[in-house]
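Data file: my_file33.cif. Format and content: mmCIF, C-alpha atoms.
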```
data_start
#
loop_
_atom_site.label_atom_id
_atom_site.label_comp_id
_atom_site.auth_asym_id
_atom_site.auth_seq_id
_atom_site.Cartn_x
_atom_site.Cartn_y
_atom_site.Cartn_z
CA MET A 775 22.24 198.43 98.13
CA ARG A 776 25.67 200.09 98.37
CA ARG A 777 26.58 197.50 100.95
CA ALA A 778 25.31 194.61 98.90
CA LEU A 779 27.66 195.68 96.16
CA HIS A 780 30.70 195.81 98.41
CA GLY A 781 31.67 192.17 97.93
CA ALA A 782 31.50 192.38 94.18
CA ALA A 783 33.49 195.60 94.36
CA LEU A 784 36.30 193.86 96.25
CA VAL A 785 36.56 191.23 93.54
CA LEU A 786 36.58 193.88 90.83
CA ALA A 787 39.13 195.87 92.76
CA LEU A 788 41.36 192.85 93.19
CA ALA A 789 41.22 192.27 89.47
CA SER A 790 41.77 195.85 88.43
CA CYS A 791 43.30 198.15 91.00
CA ALA A 792 44.60 195.92 93.78
CA PRO A 793 48.28 196.03 94.60
CA ALA A 794 50.21 193.64 92.40
CA PRO A 795 50.73 190.02 93.37
CA ARG A 796 54.05 188.25 93.25
CA ALA A 797 53.88 187.59 89.54
CA PRO A 798 54.35 184.21 87.88
CA LEU A 799 57.68 183.80 86.15
CA SER A 800 58.54 181.91 83.00
CA SER A 801 62.27 182.61 82.84
CA LEU A 802 64.96 183.25 85.41
CA ASN A 803 66.40 185.82 83.01
CA ASP A 804 63.40 188.00 83.78
CA LEU A 805 64.48 188.37 87.41
CA GLY A 806 65.81 191.72 88.53
CA ARG A 807 69.05 192.00 90.54
CA ASP A 808 67.32 192.03 93.90
CA GLU A 809 64.68 189.50 93.02
CA VAL A 810 64.29 185.81 93.62
CA MET A 811 62.07 183.07 92.26
CA LEU A 812 59.87 181.40 94.87
CA VAL A 813 58.92 177.80 94.24
CA GLY A 814 56.28 176.13 96.36
CA ARG A 815 52.83 174.71 96.51
CA VAL A 816 49.61 174.81 98.51
CA ASP A 817 47.48 171.69 98.98
CA LEU A 818 44.00 171.42 100.38
CA VAL A 819 43.17 168.04 101.94
CA PRO A 820 40.69 166.84 100.83
CA PRO A 821 41.06 168.79 97.58
CA LEU A 822 38.59 171.47 96.57
CA GLN A 823 35.83 169.87 94.54
CA GLU A 824 34.42 171.60 91.51
CA HIS A 825 30.97 171.90 93.06
CA GLU A 826 32.42 173.66 96.11
CA GLN A 827 33.47 176.76 94.18
CA LYS A 828 31.01 178.88 92.24
CA ILE A 829 32.44 181.68 90.11
CA ARG A 830 29.57 183.20 88.18
CA GLY A 831 29.13 186.20 85.91
CA VAL A 832 31.86 188.28 84.36
CA VAL A 833 34.83 188.04 86.69
CA VAL A 834 38.18 189.50 85.79
CA GLY A 835 41.03 187.59 87.34
CA ASP A 836 41.68 183.97 88.04
CA PHE A 837 39.98 182.77 91.20
CA LYS A 838 39.23 179.21 90.20
CA ASN A 839 40.99 176.59 92.34
CA ARG A 840 43.41 179.31 93.43
CA ILE A 841 44.34 180.36 96.94
CA PHE A 842 45.77 183.78 97.68
CA LEU A 843 48.58 183.69 100.20
CA LEU A 844 48.86 187.08 101.85
CA ALA A 845 52.37 188.13 102.78
CA ASP A 846 54.25 190.92 104.49
CA GLU A 847 57.79 191.70 105.50
CA LYS A 848 56.70 191.80 109.14
CA PRO A 849 54.66 189.23 111.03
CA ARG A 850 51.25 190.60 111.93
CA PRO A 851 47.74 189.28 112.40
CA LEU A 852 45.39 189.78 109.50
CA PRO A 853 42.12 191.57 110.14
CA GLU A 854 39.05 189.36 110.23
CA GLU A 855 38.37 190.44 106.68
CA PRO A 856 41.61 191.38 104.94
CA ARG A 857 41.65 194.85 103.40
CA LEU A 858 42.63 195.53 99.81
CA ALA A 859 46.10 196.60 100.94
CA ASP A 860 46.63 193.22 102.58
CA TYR A 861 46.56 191.63 99.15
CA ALA A 862 49.76 193.44 98.10
CA GLY A 863 52.46 190.96 97.15
CA ARG A 864 50.13 188.00 97.47
CA ILE A 865 51.02 184.66 95.97
CA GLU A 866 48.22 183.45 93.74
CA ALA A 867 48.82 179.74 94.16
CA PRO A 868 46.96 177.17 92.08
CA LEU A 869 45.85 174.53 94.55
CA GLY A 870 47.69 171.26 94.12
CA SER A 871 50.22 172.62 91.61
CA THR A 872 53.68 174.09 91.97
CA PHE A 873 53.91 177.85 91.70
CA PHE A 874 56.88 179.79 90.38
CA VAL A 875 56.65 183.47 91.25
CA ARG A 876 58.90 186.50 91.34
CA SER A 877 59.61 188.06 94.73
CA GLN A 878 61.82 190.69 96.27
CA GLY A 879 64.85 188.96 97.77
CA ALA A 880 64.04 189.93 101.36
CA PRO A 881 62.64 187.52 103.99
CA PHE A 882 58.90 187.71 104.49
CA TYR A 883 55.99 186.13 106.34
CA VAL A 884 52.95 184.28 105.07
CA LEU A 885 50.15 185.91 107.08
CA GLY A 886 47.31 183.71 105.92
CA GLY A 887 45.35 182.61 102.92
CA VAL A 888 42.08 183.46 101.22
CA LEU A 889 40.09 181.29 98.87
CA PHE A 890 37.11 182.78 97.06
CA ILE A 891 34.55 179.99 96.88
CA GLU A 892 31.61 182.03 95.66
CA ILE A 893 31.54 185.10 93.46
CA GLY A 894 28.46 186.43 91.72
CA GLY A 895 24.84 185.43 92.02
CA GLY A 896 24.26 188.12 94.64
CA GLY A 897 26.80 186.85 97.12
CA GLN A 898 30.41 186.31 97.83
CA GLN A 899 31.94 183.73 100.13
CA ARG A 900 35.55 183.51 101.18
CA VAL A 901 37.36 180.90 103.20
CA TYR A 902 40.30 181.94 105.34
CA PHE A 903 43.41 179.95 106.13
CA PRO A 904 45.84 180.43 108.98
CA GLY A 905 49.33 181.74 108.41
CA GLY A 906 52.27 182.55 110.63
CA TYR A 907 55.08 181.20 108.45
CA HIS A 908 58.48 182.71 107.85
CA VAL A 909 60.20 182.51 104.48
CA ALA A 910 63.92 182.95 105.05
CA LEU A 911 65.35 184.39 101.86
CA LYS A 912 69.02 185.31 101.80
CA PRO A 913 71.03 187.81 99.77
CA GLY A 914 72.23 186.18 96.59
CA ASP A 915 69.31 183.76 96.31
CA ARG A 916 68.00 183.30 92.77
CA ALA A 917 65.55 180.44 93.23
CA VAL A 918 64.27 179.13 96.54
CA TYR A 919 61.99 176.21 97.31
CA ILE A 920 59.77 177.03 100.30
CA GLY A 921 57.77 173.80 100.61
CA THR A 922 54.20 172.62 100.32
CA LEU A 923 51.79 174.32 102.66
CA ARG A 924 49.18 171.66 103.34
CA TYR A 925 45.84 172.59 104.86
CA TYR A 926 43.67 169.79 106.22
CA ARG A 927 39.99 170.74 106.36
CA ASP A 928 36.58 169.24 106.99
CA GLU A 929 33.45 169.57 104.89
CA PHE A 930 32.62 172.86 106.63
CA PHE A 931 36.02 174.32 105.66
CA GLU A 932 37.23 174.27 109.23
CA ILE A 933 41.02 173.99 109.06
CA ARG A 934 41.95 171.07 111.29
CA ARG A 935 45.69 170.93 110.75
CA VAL A 936 48.42 172.70 108.85
CA ALA A 937 51.75 171.22 107.82
CA VAL A 938 54.70 172.21 105.70
CA ALA A 939 55.80 169.27 103.59
CA ASP A 940 59.17 168.85 101.95
CA GLU A 941 58.57 167.85 98.35
CA TYR A 942 61.80 169.29 97.11
CA GLY A 943 62.58 166.36 94.81
CA GLU A 944 59.43 166.72 92.75
CA ALA A 945 59.61 170.50 92.74
CA ASN A 946 63.23 170.47 91.61
CA VAL A 947 62.44 168.14 88.71
CA GLU A 948 59.68 170.49 87.60
CA PHE A 949 61.93 173.49 88.14
CA SER A 950 64.69 171.97 86.02
CA ARG A 951 62.25 171.05 83.28
CA LYS A 952 60.90 174.58 83.11
CA PHE A 953 64.01 176.64 83.65
CA GLY A 954 66.93 174.41 82.63
CA GLY A 955 69.06 171.92 84.46
CA GLY A 956 71.91 174.30 85.25
CA GLN A 957 69.94 176.36 87.73
CA VAL A 958 70.18 175.85 91.47
CA LEU A 959 67.04 175.66 93.56
CA ARG A 960 67.92 176.26 97.19
CA LYS A 961 65.73 174.62 99.79
CA ALA A 962 64.50 176.86 102.59
CA LEU A 963 61.22 175.51 103.92
CA MET A 964 58.77 177.89 105.50
CA THR A 965 58.98 177.77 109.27
CA ARG A 966 56.17 178.40 111.68
CA THR A 967 56.56 181.50 113.76
CA LYS A 968 53.69 180.64 116.09
CA PRO A 969 50.88 178.13 116.21
CA PRO A 970 48.36 179.02 113.49
CA ALA A 971 45.52 180.93 115.08
CA ALA A 972 42.05 179.50 114.56
CA ARG A 973 39.88 181.91 112.61
CA MET B 816 28.88 186.88 122.83
CA THR B 817 27.97 186.57 119.19
CA ASN B 818 28.27 183.07 117.86
CA ARG B 819 28.20 183.70 114.17
CA ILE B 820 28.68 186.75 111.98
CA GLY B 821 27.00 186.88 108.61
CA ILE B 822 26.49 189.21 105.69
CA LEU B 823 23.24 191.05 105.26
CA LEU B 824 21.99 191.67 101.74
CA ILE B 825 19.09 193.68 100.45
CA VAL B 826 17.94 191.63 97.52
CA ALA B 827 15.34 191.44 94.80
CA ALA B 828 12.19 189.55 95.74
CA LEU B 829 12.68 186.99 92.99
CA ALA B 830 16.03 185.87 94.33
CA VAL B 831 14.69 185.53 97.84
CA LEU B 832 11.76 183.43 96.82
CA THR B 833 13.89 180.93 94.96
CA GLY B 834 13.90 177.73 96.91
CA CYS B 835 12.65 179.19 100.16
CA ALA B 836 9.65 176.98 100.65
CA GLY B 837 9.91 173.97 102.88
CA GLY B 838 10.30 171.51 100.04
CA GLY B 839 11.70 168.05 100.52
CA HIS B 840 13.24 167.46 97.09
CA GLY B 841 10.41 165.05 96.34
CA ARG B 842 11.00 162.92 99.43
CA ASP B 843 8.15 161.39 101.38
CA ILE B 844 7.60 162.73 104.89
CA ASN B 845 7.52 159.14 106.19
CA ASP B 846 10.75 158.08 104.49
CA PRO B 847 12.66 156.20 107.23
CA SER B 848 15.95 157.81 106.19
CA ASN B 849 14.62 161.33 106.92
CA SER B 850 15.90 163.48 109.73
CA LEU B 851 14.16 166.40 111.35
CA VAL B 852 16.45 169.40 111.67
CA PHE B 853 15.19 172.52 113.36
CA GLY B 854 16.21 175.72 115.09
CA PHE B 855 14.94 179.05 116.23
CA VAL B 856 15.95 182.64 115.70
CA ASP B 857 14.55 185.67 117.49
CA MET B 858 14.52 188.46 114.91
CA ALA B 859 13.14 191.18 117.20
CA ASP B 860 16.18 193.39 116.53
CA ALA B 861 16.44 192.57 112.82
CA PRO B 862 15.17 194.70 109.94
CA THR B 863 12.61 192.02 109.12
CA LYS B 864 11.07 188.92 110.58
CA VAL B 865 12.26 185.62 109.19
CA SER B 866 10.02 184.03 106.58
CA GLY B 867 12.41 181.42 105.21
CA ALA B 868 15.65 179.64 105.91
CA GLN B 869 17.92 177.60 103.74
CA ILE B 870 19.98 174.68 104.85
CA MET B 871 22.91 173.75 102.64
CA GLN B 872 23.99 170.18 102.14
CA VAL B 873 27.81 170.21 102.10
CA ALA B 874 28.25 166.45 101.95
CA PRO B 875 27.72 164.23 100.11
CA PRO B 876 27.94 166.35 96.94
CA THR B 877 24.65 167.08 95.24
CA ASP B 878 23.34 169.13 92.34
CA LYS B 879 20.68 170.58 94.61
CA PRO B 880 22.47 171.47 97.84
CA TYR B 881 19.87 173.87 99.23
CA TRP B 882 16.96 172.63 101.29
CA GLY B 883 14.17 175.02 102.11
CA THR B 884 12.54 174.99 105.50
CA ASP B 885 9.17 175.84 106.92
CA VAL B 886 9.16 178.80 109.27
CA LYS B 887 6.72 179.62 112.05
CA ASP B 888 7.38 182.55 114.38
CA GLY B 889 11.14 182.15 114.19
CA LEU B 890 11.05 178.36 114.33
CA PHE B 891 12.56 176.92 111.13
CA TYR B 892 12.50 173.23 110.32
CA THR B 893 12.62 170.53 107.71
CA TYR B 894 11.86 166.86 108.17
CA TYR B 895 13.20 165.59 104.88
CA LEU B 896 16.97 165.56 105.26
CA PRO B 897 18.79 162.37 104.29
CA PRO B 898 22.08 161.47 106.01
CA GLY B 899 24.82 163.96 105.23
CA SER B 900 26.45 167.15 106.50
CA TYR B 901 24.47 170.36 106.60
CA ARG B 902 24.87 173.96 107.62
CA LEU B 903 22.45 176.81 108.14
CA ALA B 904 23.14 178.88 105.01
CA SER B 905 20.75 181.81 105.11
CA LEU B 906 17.64 183.36 106.50
CA HIS B 907 15.39 185.69 104.63
CA GLY B 908 12.48 187.94 105.27
CA SER B 909 10.77 191.08 104.09
CA SER B 910 8.96 194.07 105.41
CA PHE B 911 6.78 196.58 103.64
CA LEU B 912 9.02 199.50 104.50
CA ARG B 913 12.43 197.87 104.23
CA GLY B 914 11.99 195.42 101.39
CA GLU B 915 13.54 192.00 100.98
CA TYR B 916 16.48 190.97 103.11
CA GLN B 917 18.74 187.95 102.93
CA TYR B 918 20.91 187.06 105.90
CA ASN B 919 23.82 184.98 104.65
CA PHE B 920 26.01 182.94 106.95
CA PRO B 921 29.63 182.34 106.05
CA ARG B 922 30.43 179.11 104.26
CA GLN B 923 33.36 178.44 106.58
CA GLY B 924 32.76 176.86 109.96
CA GLY B 925 29.43 177.34 111.66
CA GLY B 926 29.80 175.37 114.87
CA GLU B 927 26.41 174.64 116.36
CA THR B 928 24.56 175.72 113.23
CA THR B 929 26.01 172.75 111.39
CA VAL B 930 25.05 169.13 111.73
CA ARG B 931 26.44 165.80 110.62
CA ILE B 932 23.65 163.30 110.24
CA ASP B 933 24.99 159.76 110.41
CA LYS B 934 21.67 158.16 111.28
CA PRO B 935 18.10 159.39 110.95
CA GLY B 936 16.81 161.30 113.95
CA ILE B 937 15.94 164.67 115.41
CA TYR B 938 18.64 167.32 115.38
CA PHE B 939 18.38 170.69 117.11
CA LEU B 940 20.54 173.50 115.74
CA GLY B 941 19.84 175.72 118.72
CA ALA B 942 17.97 178.91 119.56
CA TYR B 943 19.53 182.24 118.64
CA LYS B 944 18.92 185.94 118.86
CA TYR B 945 19.68 188.31 116.01
CA LYS B 946 22.28 190.97 116.78
CA THR B 947 23.16 194.00 114.72
CA VAL B 948 26.87 194.35 114.01
CA LYS B 949 28.15 197.87 113.52
CA THR B 950 30.11 198.46 110.35
CA GLY B 951 31.54 201.49 108.61
CA PHE B 952 29.63 203.41 105.97
CA PHE B 953 31.43 201.78 103.08
CA GLU B 954 31.56 198.35 104.64
CA GLN B 955 29.33 195.45 103.87
CA ALA B 956 26.39 195.26 106.29
CA LYS B 957 26.75 192.49 108.83
CA PHE B 958 24.72 190.77 111.46
CA GLY B 959 25.36 188.26 114.17
CA ILE B 960 23.43 185.58 115.96
CA GLU B 961 23.91 184.78 119.60
CA ARG B 962 22.95 181.51 121.24
CA VAL B 963 20.16 181.91 123.78
CA PRO B 964 18.90 179.37 126.33
CA ALA B 965 15.22 179.78 125.53
CA PRO B 966 13.09 178.62 123.91
CA GLY B 967 14.46 175.16 124.56
CA GLU B 968 14.39 172.08 122.40
CA ALA B 969 11.36 170.50 124.10
CA GLU B 970 9.32 173.68 123.89
CA LEU B 971 10.08 174.09 120.20
CA LEU B 972 9.25 170.47 119.44
CA GLN B 973 5.91 170.91 121.20
CA ARG B 974 5.29 174.01 119.07
CA LEU B 975 6.01 171.93 115.99
CA LEU B 976 3.51 169.29 117.01
CA ASP B 977 0.89 171.90 117.80
CA SER B 978 1.27 173.92 114.62
CA ASP B 979 2.05 171.54 111.77
CA ALA B 980 -0.86 169.30 110.89
CA GLU B 981 1.08 167.37 108.24
CA LEU B 982 3.80 166.53 110.71
CA LYS B 983 1.29 165.59 113.36
CA GLY B 984 -0.24 163.07 110.99
CA SER B 985 3.08 161.49 110.07
CA VAL B 986 5.57 159.10 111.65
CA TRP B 987 7.20 162.15 113.19
CA ALA B 988 4.48 162.66 115.78
CA ASP B 989 5.47 159.67 117.91
CA LYS B 990 9.17 160.32 117.48
CA ILE B 991 8.76 163.91 118.62
CA ARG B 992 6.66 162.90 121.63
CA GLU B 993 9.33 160.36 122.63
CA ARG B 994 12.01 162.99 122.26
CA ILE B 995 10.09 165.49 124.37
CA ALA B 996 9.58 162.87 127.07
CA ARG B 997 13.30 162.09 127.12
CA LEU B 998 14.22 165.77 127.28
CA LYS B 999 11.85 166.32 130.20
CA LYS B 1000 13.47 163.50 132.16
CA ARG B 1001 16.86 165.20 132.03
#
```

If you took the structure in this file and wrote it as structure tokens, what would it be?
Amino acid sequence: MRRALHGAALVLALASCAPAPRAPLSSLNDLGRDEVMLVGRVDLVPPLQEHEQKIRGVVVGDFKNRIFLLADEKPRPLPEEPRLADYAGRIEAPLGSTFFVRSQGAPFYVLGGVLFIEIGGGGQQRVYFPGGYHVALKPGDRAVYIGTLRYYRDEFFEIRRVAVADEYGEANVEFSRKFGGGQVLRKALMTRTKPPAAR
Amino acid sequence: MTNRIGILLIVAALAVLTGCAGGGHGRDINDPSNSLVFGFVDMADAPTKVSGAQIMQVAPPTDKPYWGTDVKDGLFYTYYLPPGSYRLASLHGSSFLRGEYQYNFPRQGGGETTVRIDKPGIYFLGAYKYKTVKTGFFEQAKFGIERVPAPGEAELLQRLLDSDAELKGSVWADKIRERIARLKKR
């Protein structure tokens, strides 16, 4: 039974004692001296349908229609099942919407993504997404647009293709609306460091 | 080589029994849009034998995505599936000493244990052998299944014909015989 509870424990741990994510930001004034705002988006093609994700029971944390991008300062392969520590500094990206999160101003790598598609009801199911993308932040950056990471999948959640799309125009309009027109959003699209490994 | 790694759960009997019978969602066995989907798993190394299997319909969307199967000595099958995309979702079984077990396959991927049915027919998911996967004490229990060459498709279809009286008296009997004959010509 201890093993059966492991999956639920991971979800609880993520919600309660997991290392912090890159937190959403509502004002650029909240940024520290060495911090930067990351602006980007993750799309799933075709989009996640409501019936494909089942979050049941009392779940702390927001898993619905949300992909966790796992990141690190160094490129490295993720274990087959990411450990709790791998979730440190994750970007909790709402699928199909622009995210605005606080980050340390140092370059980093997107190692992969995790989408929880079933929690509760005696089981837990996760879907994994390939990574291998470099985010080139520079000293002095305050707000950086990193692009739309677009995952193309089939009905079995096999990832068939990954692309980084430049939707700077739309993102900048949204950025200006939220944070004021006087702010500069630098474009620095994620770049692939190696072909995404099939999982 | 292990083809697929899944999660092994010890579960309450009630949960296991939910939807595990070989029901056809009210469909007629002779419905011309039906497909027969079947496979085999050797559970000799598993904590329990297999007494049920669930096949999940992943497309088109449905309120009732899980289809139960009949199971006979490791052979699991359903002859009610309408066109769509399906994956082997779970196996379950019980033993007096070890209780109820559910063997869940990951939702992502699945390779040969998935099927896209564009037109009605007979679809073989393959024959597999259960493998134990070692995990740490605090890790979730896992298992794997490995593709094996035997029993083959023709042998399993013959077993179906020999053991399921309802199927033998349906439109499936001739279709299965034709399929066996074709397989034997190969």

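Applied to this file, the PyMOL selection byres ((chain B) within 6 of (chain A)) selects the residues Leu824, Gln923, Gly924, Gln955 and Ala956 of chain B.
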
Write out as a list in words the residues lying within 9 Å of region 861-868 of chain A, counting only C-alpha atoms and excluding same-chain residues fewer than 6 positions away.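 Final neighbour list, sorted by chain and number: Leu788, Ala792, Pro793, Ala794, Pro795, Arg796, Ala797, Pro798, Gly814, Arg815, Val816, Asp817, Asp836, Phe837, Lys838, Asn839, Arg840, Ile841, Phe842, Leu843, Leu844, Ala845, Asp846, Phe874, Val875, Ser877 and Val884 of chain A.
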
Could those selected residues go to a file with C-alpha atoms, as a CSV table (one decimal), in the frame of the given file?
```csv
chain,number,residue,atom,x,y,z
A,788,LEU,CA,41.4,192.8,93.2
A,792,ALA,CA,44.6,195.9,93.8
A,793,PRO,CA,48.3,196.0,94.6
A,794,ALA,CA,50.2,193.6,92.4
A,795,PRO,CA,50.7,190.0,93.4
A,796,ARG,CA,54.0,188.2,93.2
A,797,ALA,CA,53.9,187.6,89.5
A,798,PRO,CA,54.4,184.2,87.9
A,814,GLY,CA,56.3,176.1,96.4
A,815,ARG,CA,52.8,174.7,96.5
A,816,VAL,CA,49.6,174.8,98.5
A,817,ASP,CA,47.5,171.7,99.0
A,836,ASP,CA,41.7,184.0,88.0
A,837,PHE,CA,40.0,182.8,91.2
A,838,LYS,CA,39.2,179.2,90.2
A,839,ASN,CA,41.0,176.6,92.3
A,840,ARG,CA,43.4,179.3,93.4
A,841,ILE,CA,44.3,180.4,96.9
A,842,PHE,CA,45.8,183.8,97.7
A,843,LEU,CA,48.6,183.7,100.2
A,844,LEU,CA,48.9,187.1,101.8
A,845,ALA,CA,52.4,188.1,102.8
A,846,ASP,CA,54.2,190.9,104.5
A,874,PHE,CA,56.9,179.8,90.4
A,875,VAL,CA,56.6,183.5,91.2
A,877,SER,CA,59.6,188.1,94.7
A,884,VAL,CA,53.0,184.3,105.1
```

To one decimal in Å, tell me the separation between CA of Tyr916 (chain B) and CA of Val948 (chain B).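 Calculated distance between CA of Tyr916 (chain B) and CA of Val948 (chain B) is 15.4 Å.
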
Quick one: distance from CA of Ser848 (chain B) to CA of Pro898 (chain B) in Å, one decimal? 7.1 Å

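Nearest residue to Arg850 (chain A) among A:Ala945, A:Ile920, A:Val833, A:Leu885 is A:Leu885, counting only C-alpha atoms.
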
What do you get, as number ranges by chain, if you spell out every residue that the PyMOL selection byres ((chain B and resi 854) around 12) selects here? B: 851-853, 855-857, 868-870, 884-893, 902-903, 906, 927-930, 937-944, 962-963, 965-972, 974-975

Neighbour list for Arg807 (chain A) as a ChimeraX atom specification, cut-off 10 Å, only C-alpha atoms, skip fewer than 6 positions in-chain: /A:878-879,914,916

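The residues returned by the PyMOL selection byres ((chain B and resi 931) around 6) on the shown structure are Gly899, Ser900, Val930 and Ile932 of chain B.
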
Interatomic distance, CA of Trp882 (chain B) to CA of Arg922 (chain B) (Å, one decimal):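 CA of Trp882 (chain B) sits 15.2 Å away from CA of Arg922 (chain B).
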
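The shell of residues at most 9 Å from Leu818 (chain A), with only C-alpha atoms counted and near chain neighbours (fewer than 5 positions) removed, consists of Leu869, Gly870, Leu923, Arg924, Tyr925, Tyr926 and Arg927 of chain A.
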
When distances are computed from all atoms listed in the file, which of A:Pro913, A:Gly943, A:Gly886, A:Gly954 shows the smallest separation from Pro851 (chain A)?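 The closest residue to Pro851 (chain A) is A:Gly886.
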